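Coordinates as given in coords35.tsv (TSV, C-alpha atoms):
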chain	number	residue	atom	x	y	z
M	1	MET	CA	-2.31	140.26	-62.45
M	2	PHE	CA	-3.26	138.24	-59.36
M	3	ASP	CA	-4.95	135.29	-61.11
M	4	LYS	CA	-6.17	132.86	-58.46
M	5	SER	CA	-6.01	129.86	-60.77
M	6	LEU	CA	-3.05	127.51	-60.86
M	7	PRO	CA	-0.77	127.60	-63.90
M	8	ALA	CA	-1.42	125.11	-66.68
M	9	VAL	CA	1.58	123.06	-65.60
M	10	ALA	CA	-0.18	122.26	-62.30
M	11	ALA	CA	-3.47	121.31	-63.92
M	12	ALA	CA	-1.70	118.98	-66.29
M	13	ALA	CA	0.20	117.42	-63.41
M	14	ILE	CA	-2.96	116.75	-61.44
M	15	VAL	CA	-4.43	114.91	-64.41
M	16	THR	CA	-1.19	112.96	-64.92
M	17	PHE	CA	-0.65	111.88	-61.35
M	18	GLY	CA	-4.25	111.64	-60.19
M	19	LEU	CA	-5.56	112.07	-56.69
M	20	GLY	CA	-4.47	108.57	-55.74
M	21	ASN	CA	-0.85	109.63	-55.98
M	22	TYR	CA	-1.39	112.21	-53.23
M	23	ALA	CA	-2.51	109.57	-50.79
M	24	SER	CA	0.83	107.82	-51.05
M	25	ALA	CA	3.02	110.86	-51.59
M	26	GLN	CA	5.69	111.63	-49.03
M	27	ASP	CA	5.93	115.01	-47.37
M	28	LEU	CA	8.29	117.84	-48.14
M	29	THR	CA	8.49	120.92	-45.93
M	30	VAL	CA	9.30	124.31	-47.42
M	31	VAL	CA	9.74	127.47	-45.36
M	32	SER	CA	9.46	131.11	-46.45
M	33	PHE	CA	8.80	134.62	-45.18
M	34	GLY	CA	5.01	134.76	-45.18
M	35	GLY	CA	2.77	137.60	-46.37
M	36	ALA	CA	2.10	138.42	-50.00
M	37	TYR	CA	5.51	137.07	-50.97
M	38	GLN	CA	4.87	133.52	-49.76
M	39	ALA	CA	1.28	133.65	-51.03
M	40	GLY	CA	2.68	134.28	-54.50
M	41	GLN	CA	5.32	131.58	-54.10
M	42	SER	CA	2.68	129.11	-53.03
M	43	LYS	CA	0.38	129.77	-55.99
M	44	ALA	CA	3.02	130.14	-58.70
M	45	LEU	CA	5.80	127.82	-57.52
M	46	PHE	CA	5.31	125.59	-54.51
M	47	GLN	CA	1.91	124.01	-55.04
M	48	PRO	CA	2.18	123.60	-58.84
M	49	ALA	CA	5.63	122.04	-58.52
M	50	ALA	CA	4.41	119.70	-55.80
M	51	ALA	CA	1.56	118.65	-58.05
M	52	ALA	CA	3.92	118.11	-60.98
M	53	LEU	CA	6.18	115.89	-58.86
M	54	GLY	CA	3.46	114.10	-56.92
M	55	ILE	CA	4.68	115.49	-53.60
M	56	LYS	CA	2.56	116.31	-50.58
M	57	LEU	CA	3.89	119.69	-49.53
M	58	LYS	CA	3.81	121.38	-46.15
M	59	GLU	CA	4.50	125.13	-45.96
M	60	GLU	CA	5.72	127.02	-42.90
M	61	THR	CA	6.91	130.57	-42.26
M	62	TYR	CA	9.97	131.96	-40.52
M	63	THR	CA	11.82	135.25	-40.10
M	64	GLY	CA	15.18	134.12	-41.44
M	65	ILE	CA	18.23	131.89	-41.32
M	66	ALA	CA	18.79	132.53	-37.61
M	67	GLU	CA	15.84	130.25	-36.87
M	68	LEU	CA	17.29	127.48	-39.02
M	69	ARG	CA	20.69	127.89	-37.34
M	70	LEU	CA	19.15	127.18	-33.95
M	71	LYS	CA	17.35	124.09	-35.22
M	72	VAL	CA	20.36	122.62	-37.01
M	73	ARG	CA	22.72	123.21	-34.10
M	74	ALA	CA	20.23	121.62	-31.71
M	75	GLY	CA	19.82	118.62	-34.01
M	76	ALA	CA	16.13	119.42	-34.21
M	77	ASN	CA	15.64	120.48	-37.82
M	78	ILE	CA	12.60	119.10	-39.64
M	79	TRP	CA	12.64	121.57	-42.57
M	80	ASP	CA	13.74	120.57	-46.06
M	81	ILE	CA	13.83	123.78	-48.14
M	82	VAL	CA	14.19	127.33	-46.88
M	83	THR	CA	13.81	130.60	-48.74
M	84	SER	CA	16.67	132.97	-47.99
M	85	GLY	CA	18.30	136.19	-49.00
M	86	SER	CA	21.41	135.56	-51.06
M	87	GLY	CA	23.82	136.93	-48.46
M	88	SER	CA	22.29	135.00	-45.59
M	89	ALA	CA	22.51	131.82	-47.61
M	90	ALA	CA	26.15	132.39	-48.52
M	91	ARG	CA	27.05	132.82	-44.86
M	92	ALA	CA	24.88	129.91	-43.75
M	93	GLY	CA	26.56	127.66	-46.31
M	94	ALA	CA	29.98	128.70	-45.03
M	95	GLU	CA	28.80	127.89	-41.49
M	96	GLY	CA	27.75	124.41	-42.50
M	97	ILE	CA	24.00	124.70	-41.89
M	98	LEU	CA	22.99	124.22	-45.54
M	99	GLU	CA	23.49	121.32	-47.94
M	100	LYS	CA	25.59	121.86	-51.05
M	101	LEU	CA	23.37	121.89	-54.13
M	102	ASP	CA	23.75	119.45	-56.99
M	103	TYR	CA	23.78	121.39	-60.25
M	104	LYS	CA	23.69	118.18	-62.23
M	105	VAL	CA	20.13	117.90	-60.96
M	106	ILE	CA	19.28	121.62	-60.88
M	107	ASP	CA	19.66	123.19	-64.34
M	108	VAL	CA	21.00	126.76	-64.17
M	109	SER	CA	22.39	126.87	-67.72
M	110	SER	CA	19.94	129.64	-68.68
M	111	PHE	CA	20.32	131.69	-65.51
M	112	LEU	CA	21.43	135.31	-65.53
M	113	PRO	CA	25.07	135.59	-64.34
M	114	GLY	CA	25.79	135.42	-60.63
M	115	LEU	CA	22.32	134.41	-59.47
M	116	TYR	CA	23.16	131.05	-57.92
M	117	GLN	CA	25.80	129.80	-55.51
M	118	ASP	CA	27.05	126.56	-53.98
M	119	TYR	CA	24.39	126.46	-51.29
M	120	CYS	CA	21.49	128.41	-52.77
M	121	VAL	CA	19.83	128.74	-56.17
M	122	GLY	CA	18.30	132.08	-57.16
M	123	GLY	CA	14.53	132.32	-57.35
M	124	ASP	CA	13.83	136.01	-57.95
M	125	VAL	CA	15.56	139.38	-58.22
M	126	PHE	CA	14.38	142.18	-55.93
M	127	SER	CA	15.40	145.63	-54.82
M	128	THR	CA	15.66	147.33	-51.46
M	129	VAL	CA	14.20	150.71	-52.25
M	130	LEU	CA	13.22	154.02	-50.69
M	131	ALA	CA	9.42	154.29	-50.43
M	132	TRP	CA	7.14	157.04	-49.22
M	133	ASN	CA	3.56	157.68	-48.19
M	134	THR	CA	1.81	159.43	-51.09
M	135	LYS	CA	-0.79	160.87	-48.70
M	136	THR	CA	2.08	162.80	-47.12
M	137	PHE	CA	4.24	163.66	-50.13
M	138	GLY	CA	2.13	162.95	-53.21
M	139	ASP	CA	4.36	162.38	-56.23
M	140	LYS	CA	7.07	164.62	-54.79
M	141	GLY	CA	8.57	162.10	-52.43
M	142	PRO	CA	12.27	161.61	-51.61
M	143	GLN	CA	14.38	160.50	-54.57
M	144	SER	CA	17.70	159.71	-52.88
M	145	TRP	CA	19.07	158.51	-49.57
M	146	ALA	CA	20.22	162.05	-48.88
M	147	ASP	CA	16.53	163.02	-49.10
M	148	PHE	CA	15.60	160.20	-46.75
M	149	TRP	CA	17.97	161.67	-44.16
M	150	ASP	CA	16.81	165.26	-44.78
M	151	VAL	CA	14.24	165.70	-42.03
M	152	LYS	CA	13.78	169.40	-42.77
M	153	LYS	CA	12.93	169.03	-46.45
M	154	PHE	CA	11.01	165.82	-45.83
M	155	PRO	CA	9.63	165.89	-42.27
M	156	GLY	CA	7.83	162.85	-40.93
M	157	LYS	CA	8.17	159.44	-39.37
M	158	ARG	CA	10.72	157.03	-40.80
M	159	SER	CA	11.00	153.26	-40.64
M	160	TYR	CA	14.29	151.43	-41.08
M	161	ARG	CA	15.44	147.83	-40.91
M	162	ASN	CA	16.35	146.40	-37.50
M	163	SER	CA	19.20	144.28	-38.89
M	164	VAL	CA	22.34	145.21	-40.76
M	165	ALA	CA	21.62	143.68	-44.19
M	166	GLY	CA	20.94	146.53	-46.59
M	167	ALA	CA	21.17	149.13	-43.83
M	168	LEU	CA	24.72	150.47	-44.13
M	169	GLU	CA	24.82	151.13	-47.87
M	170	PRO	CA	22.01	153.75	-47.86
M	171	ALA	CA	23.67	155.53	-44.94
M	172	LEU	CA	26.93	155.95	-46.84
M	173	MET	CA	25.13	157.16	-49.97
M	174	ALA	CA	23.26	159.64	-47.78
M	175	ASP	CA	26.66	160.74	-46.48
M	176	GLY	CA	27.85	161.51	-50.00
M	177	VAL	CA	29.64	158.30	-51.00
M	178	PRO	CA	29.05	157.45	-54.70
M	179	PRO	CA	27.30	154.10	-55.19
M	180	ASN	CA	30.31	152.55	-56.92
M	181	LYS	CA	32.50	153.41	-53.90
M	182	VAL	CA	30.18	152.15	-51.16
M	183	TYR	CA	31.75	148.73	-50.57
M	184	GLU	CA	35.25	150.10	-50.95
M	185	THR	CA	34.40	152.62	-48.24
M	186	LEU	CA	32.79	149.99	-46.01
M	187	SER	CA	35.89	147.81	-46.36
M	188	ALA	CA	38.28	150.60	-45.40
M	189	PRO	CA	39.19	151.30	-41.74
M	190	GLY	CA	36.36	153.25	-40.14
M	191	GLY	CA	33.91	152.57	-42.96
M	192	ILE	CA	31.39	150.60	-40.92
M	193	GLU	CA	31.65	153.14	-38.12
M	194	ARG	CA	30.96	155.96	-40.57
M	195	ALA	CA	27.76	154.29	-41.73
M	196	ILE	CA	26.64	153.58	-38.15
M	197	LYS	CA	27.27	157.20	-37.19
M	198	LYS	CA	25.07	158.36	-40.06
M	199	ILE	CA	22.25	156.04	-39.00
M	200	LYS	CA	22.51	157.38	-35.45
M	201	GLU	CA	21.72	160.82	-36.86
M	202	LEU	CA	18.46	159.44	-38.23
M	203	LYS	CA	17.59	157.31	-35.21
M	204	PRO	CA	15.46	159.95	-33.39
M	205	HIS	CA	13.20	160.09	-36.44
M	206	VAL	CA	12.77	156.31	-36.85
M	207	ALA	CA	9.36	155.38	-35.45
M	208	VAL	CA	9.60	151.67	-36.27
M	209	TRP	CA	12.58	149.39	-36.86
M	210	TRP	CA	11.05	146.75	-39.12
M	211	SER	CA	12.07	143.09	-39.05
M	212	SER	CA	10.25	141.45	-41.97
M	213	GLY	CA	8.80	142.10	-45.39
M	214	ALA	CA	5.30	141.45	-44.12
M	215	GLN	CA	5.81	144.04	-41.40
M	216	HIS	CA	7.17	146.82	-43.59
M	217	ALA	CA	4.37	146.26	-46.09
M	218	GLN	CA	1.78	146.49	-43.32
M	219	LEU	CA	3.32	149.72	-42.04
M	220	MET	CA	2.73	151.35	-45.41
M	221	LYS	CA	-0.69	149.79	-45.86
M	222	ASP	CA	-1.77	151.27	-42.52
M	223	GLY	CA	-0.06	154.62	-43.21
M	224	GLU	CA	1.88	154.43	-39.95
M	225	VAL	CA	5.04	156.05	-41.32
M	226	ASP	CA	5.86	158.64	-43.96
M	227	MET	CA	8.86	156.95	-45.54
M	228	ILE	CA	10.55	153.60	-45.26
M	229	THR	CA	13.14	151.23	-46.68
M	230	GLY	CA	11.97	147.89	-48.00
M	231	TRP	CA	11.45	145.49	-50.86
M	232	ASN	CA	9.88	146.79	-54.04
M	233	GLY	CA	7.49	143.90	-54.62
M	234	ARG	CA	5.95	144.24	-51.18
M	235	PHE	CA	5.17	147.89	-51.85
M	236	ASP	CA	3.63	147.09	-55.25
M	237	VAL	CA	1.23	144.67	-53.55
M	238	VAL	CA	0.27	147.36	-51.03
M	239	ALA	CA	-0.29	149.91	-53.81
M	240	LYS	CA	-2.44	147.45	-55.78
M	241	ASP	CA	-4.57	146.97	-52.66
M	242	GLY	CA	-5.13	150.72	-52.44
M	243	GLY	CA	-2.29	151.65	-50.08
M	244	LYS	CA	-0.78	155.12	-50.38
M	245	VAL	CA	2.77	154.16	-51.31
M	246	ALA	CA	5.26	154.90	-54.07
M	247	TYR	CA	8.98	154.23	-54.42
M	248	THR	CA	12.03	154.88	-56.57
M	249	PHE	CA	14.63	152.47	-57.93
M	250	ASN	CA	17.19	155.28	-57.71
M	251	GLN	CA	20.08	154.17	-55.43
M	252	GLY	CA	18.24	150.93	-54.69
M	253	LEU	CA	20.11	147.78	-53.68
M	254	LEU	CA	19.78	145.02	-56.27
M	255	ASP	CA	19.75	141.54	-54.75
M	256	TYR	CA	18.13	138.14	-55.10
M	257	ASP	CA	16.22	135.65	-53.02
M	258	CYS	CA	17.15	132.01	-53.29
M	259	TYR	CA	16.24	128.51	-52.20
M	260	ALA	CA	18.43	126.31	-50.04
M	261	ILE	CA	18.28	122.86	-48.51
M	262	ALA	CA	18.71	122.73	-44.75
M	263	LYS	CA	21.60	120.67	-43.38
M	264	GLY	CA	20.30	117.26	-42.47
M	265	ALA	CA	17.02	117.81	-44.33
M	266	PRO	CA	14.78	114.77	-43.84
M	267	ASN	CA	14.11	114.58	-47.60
M	268	LYS	CA	17.30	115.87	-49.22
M	269	ASP	CA	17.04	114.06	-52.56
M	270	ARG	CA	13.38	114.97	-53.01
M	271	ALA	CA	14.19	118.56	-52.06
M	272	MET	CA	16.86	118.71	-54.77
M	273	LYS	CA	14.35	117.59	-57.40
M	274	PHE	CA	11.84	120.12	-56.09
M	275	LEU	CA	14.36	122.94	-56.51
M	276	ALA	CA	15.10	121.73	-60.04
M	277	GLU	CA	11.39	122.05	-60.78
M	278	ILE	CA	10.65	125.50	-59.33
M	279	VAL	CA	13.56	127.23	-61.10
M	280	LYS	CA	12.19	126.29	-64.52
M	281	PRO	CA	11.22	129.35	-66.60
M	282	GLN	CA	7.47	128.71	-66.67
M	283	TYR	CA	7.26	128.85	-62.88
M	284	GLN	CA	9.41	131.97	-62.61
M	285	ALA	CA	7.37	133.76	-65.26
M	286	GLU	CA	4.20	132.85	-63.37
M	287	PHE	CA	5.62	134.24	-60.12
M	288	THR	CA	6.02	137.72	-61.65
M	289	LYS	CA	2.21	137.89	-61.86
M	290	TYR	CA	1.99	137.89	-58.09
M	291	ILE	CA	4.81	140.21	-57.09
M	292	THR	CA	7.09	142.52	-59.07
M	293	TYR	CA	10.32	140.60	-58.61
M	294	GLY	CA	12.31	139.64	-61.69
M	295	PRO	CA	13.14	136.07	-62.72
M	296	THR	CA	16.65	134.65	-62.39
M	297	ASN	CA	16.10	132.30	-65.33
M	298	LYS	CA	16.37	134.48	-68.44
M	299	LYS	CA	14.26	132.04	-70.46
M	300	ALA	CA	11.29	133.25	-68.40
M	301	TYR	CA	11.41	136.46	-70.45
M	302	GLU	CA	11.42	134.45	-73.70
M	303	LEU	CA	8.16	132.59	-73.08
M	304	GLY	CA	6.02	135.55	-74.08
M	305	THR	CA	4.00	135.41	-70.87
M	306	ILE	CA	5.53	138.55	-69.28
M	307	ALA	CA	4.18	141.65	-71.02
M	308	PRO	CA	6.90	144.08	-72.19
M	309	ASP	CA	5.41	147.02	-70.28
M	310	TYR	CA	5.22	144.95	-67.12
M	311	ALA	CA	8.81	143.74	-67.57
M	312	LYS	CA	9.90	147.39	-67.33
M	313	ARG	CA	8.60	147.46	-63.76
M	314	LEU	CA	10.82	144.59	-62.65
M	315	PRO	CA	14.06	145.30	-60.74
M	316	SER	CA	16.24	143.38	-63.17
M	317	HIS	CA	15.04	145.32	-66.22
M	318	PRO	CA	18.14	147.06	-67.65
M	319	ASP	CA	16.71	150.57	-67.13
M	320	ASN	CA	16.09	149.88	-63.44
M	321	ALA	CA	19.23	147.86	-62.79
M	322	ALA	CA	21.39	150.70	-64.14
M	323	ARG	CA	20.18	153.00	-61.32
M	324	GLN	CA	21.03	150.56	-58.53
M	325	LEU	CA	23.90	149.15	-56.52
M	326	VAL	CA	24.38	145.38	-56.72
M	327	VAL	CA	24.76	143.90	-53.24
M	328	ASP	CA	28.29	142.58	-52.65
M	329	LEU	CA	27.94	139.12	-51.08
M	330	ASP	CA	31.68	138.76	-50.54
M	331	TRP	CA	31.68	141.87	-48.37
M	332	TYR	CA	28.90	140.42	-46.22
M	333	ILE	CA	30.60	137.05	-45.83
M	334	LYS	CA	33.76	138.75	-44.60
M	335	ASN	CA	32.29	141.59	-42.55
M	336	GLU	CA	28.71	140.95	-41.50
M	337	ALA	CA	29.45	139.58	-38.02
M	338	LYS	CA	31.41	142.70	-37.10
M	339	ALA	CA	28.91	145.02	-38.78
M	340	ALA	CA	25.90	143.31	-37.17
M	341	ALA	CA	27.40	143.66	-33.69
M	342	ALA	CA	28.03	147.37	-34.24
M	343	TYR	CA	24.54	147.83	-35.62
M	344	GLN	CA	22.84	146.13	-32.68
M	345	ASN	CA	24.89	148.23	-30.26
M	346	MET	CA	23.64	151.33	-32.04
M	347	LEU	CA	20.02	150.16	-31.79
M	348	THR	CA	20.26	149.53	-28.05
M	349	GLU	CA	22.15	152.70	-27.10
Let me see the file written as structure tokens.
Amino acid sequence: MFDKSLPAVAAAAIVTFGLGNYASAQDLTVVSFGGAYQAGQSKALFQPAAAALGIKLKEETYTGIAELRLKVRAGANIWDIVTSGSGSAARAGAEGILEKLDYKVIDVSSFLPGLYQDYCVGGDVFSTVLAWNTKTFGDKGPQSWADFWDVKKFPGKRSYRNSVAGALEPALMADGVPPNKVYETLSAPGGIERAIKKIKELKPHVAVWWSSGAQHAQLMKDGEVDMITGWNGRFDVVAKDGGKVAYTFNQGLLDYDCYAIAKGAPNKDRAMKFLAEIVKPQYQAEFTKYITYGPTNKKAYELGTIAPDYAKRLPSHPDNAARQLVVDLDWYIKNEAKAAAAYQNMLTE
């Protein structure tokens, strides 16, 4: 599954462009979240696409859009492309810190519905799931958010996200709200406060408030906590490396990561062409070999390179998607600032 070789598209590109092209190639800087996720991006997407286009690529890591916001507002941005969660990108675009994408250059005609937006093009589909330490619970781990909150039936250390994205929805489901009523409840007067109150109940049992995918994966790899929220692909990598972790898609939050161009990017036109390259189906199919996130380009499933049994492990497979709540980006655009302030107050109380 974790083939170290570059895809055929990269090898062909190297032959086509030759090493001499690299000497004269101009730089492009792409930023992502590090860890196993970026390692997979680099091998399946970034480096092969750079080779295909004759671009000399520089990769950096960051924790999220907040870092880009500071750079853009200070007039000090040197990044071209950033990886982002879909909600963060939607808000960043509305704030004016991302460039609008040109879909005459970037072909999304074969994308699954709703997986691209004005300022960000979808790269992979993932789920925020409930995971547990199999050394603690074996195969009888928690199967719902109500279980995650049940410290008597499932005693042990918890870990939860230190920011509001994907944090309120599980709390409401744990409080008895049906998944299809979660955003309606959050939008109603007192809805955010209800979710915050539920998280406060759990707070004494949260040993670590995680801030990144690399961190929550490491927590499970090291066995530091007994159950945790986090991204399914990160946990699959840990399990493959021998970590004692399992998870359920039940009541998961279905979302997507995407690629955006920073406002004032030094190489905007080149960045647009780079995005057009990495969303092609052959790259997206290759990426599934490195982490269990589903492609946004449905043609990736038609290439015959994703085994049917493996496809059933991906978040966007119909059987898995049916058990999950799709993240409502419109709710976040309208309400995240208020919700984030309330969440941070709760964390510091």
Between CA of Tyr183 (chain M) and CA of Lys200 (chain M) lies a distance of 19.7 Å
Nearest to Ser88 (chain M) among M:Ala271, M:Cys120, M:Met346, M:Val30, with distances taken over all atoms listed in the file: which residue is it?
M:Cys120
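The smallest atom-to-atom distance between Phe33 (chain M) and any of M:Tyr259, M:Tyr290, M:Tyr332, M:Trp149, using all atoms listed in the file, is found for M:Tyr259.
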If you count only C-alpha atoms, which residues fall within 10 Å of Glu302 (chain M), apart from same-chain ones fewer than 3 positions away, as number ranges by chain?
M: 281-282, 285, 297-299, 305-306
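Ranking M:Val237, M:Ala39, M:Asp226, M:Val121 by their shortest atom-to-atom distance to Asp107 (chain M), with all atoms listed in the file included, puts M:Val121 first.
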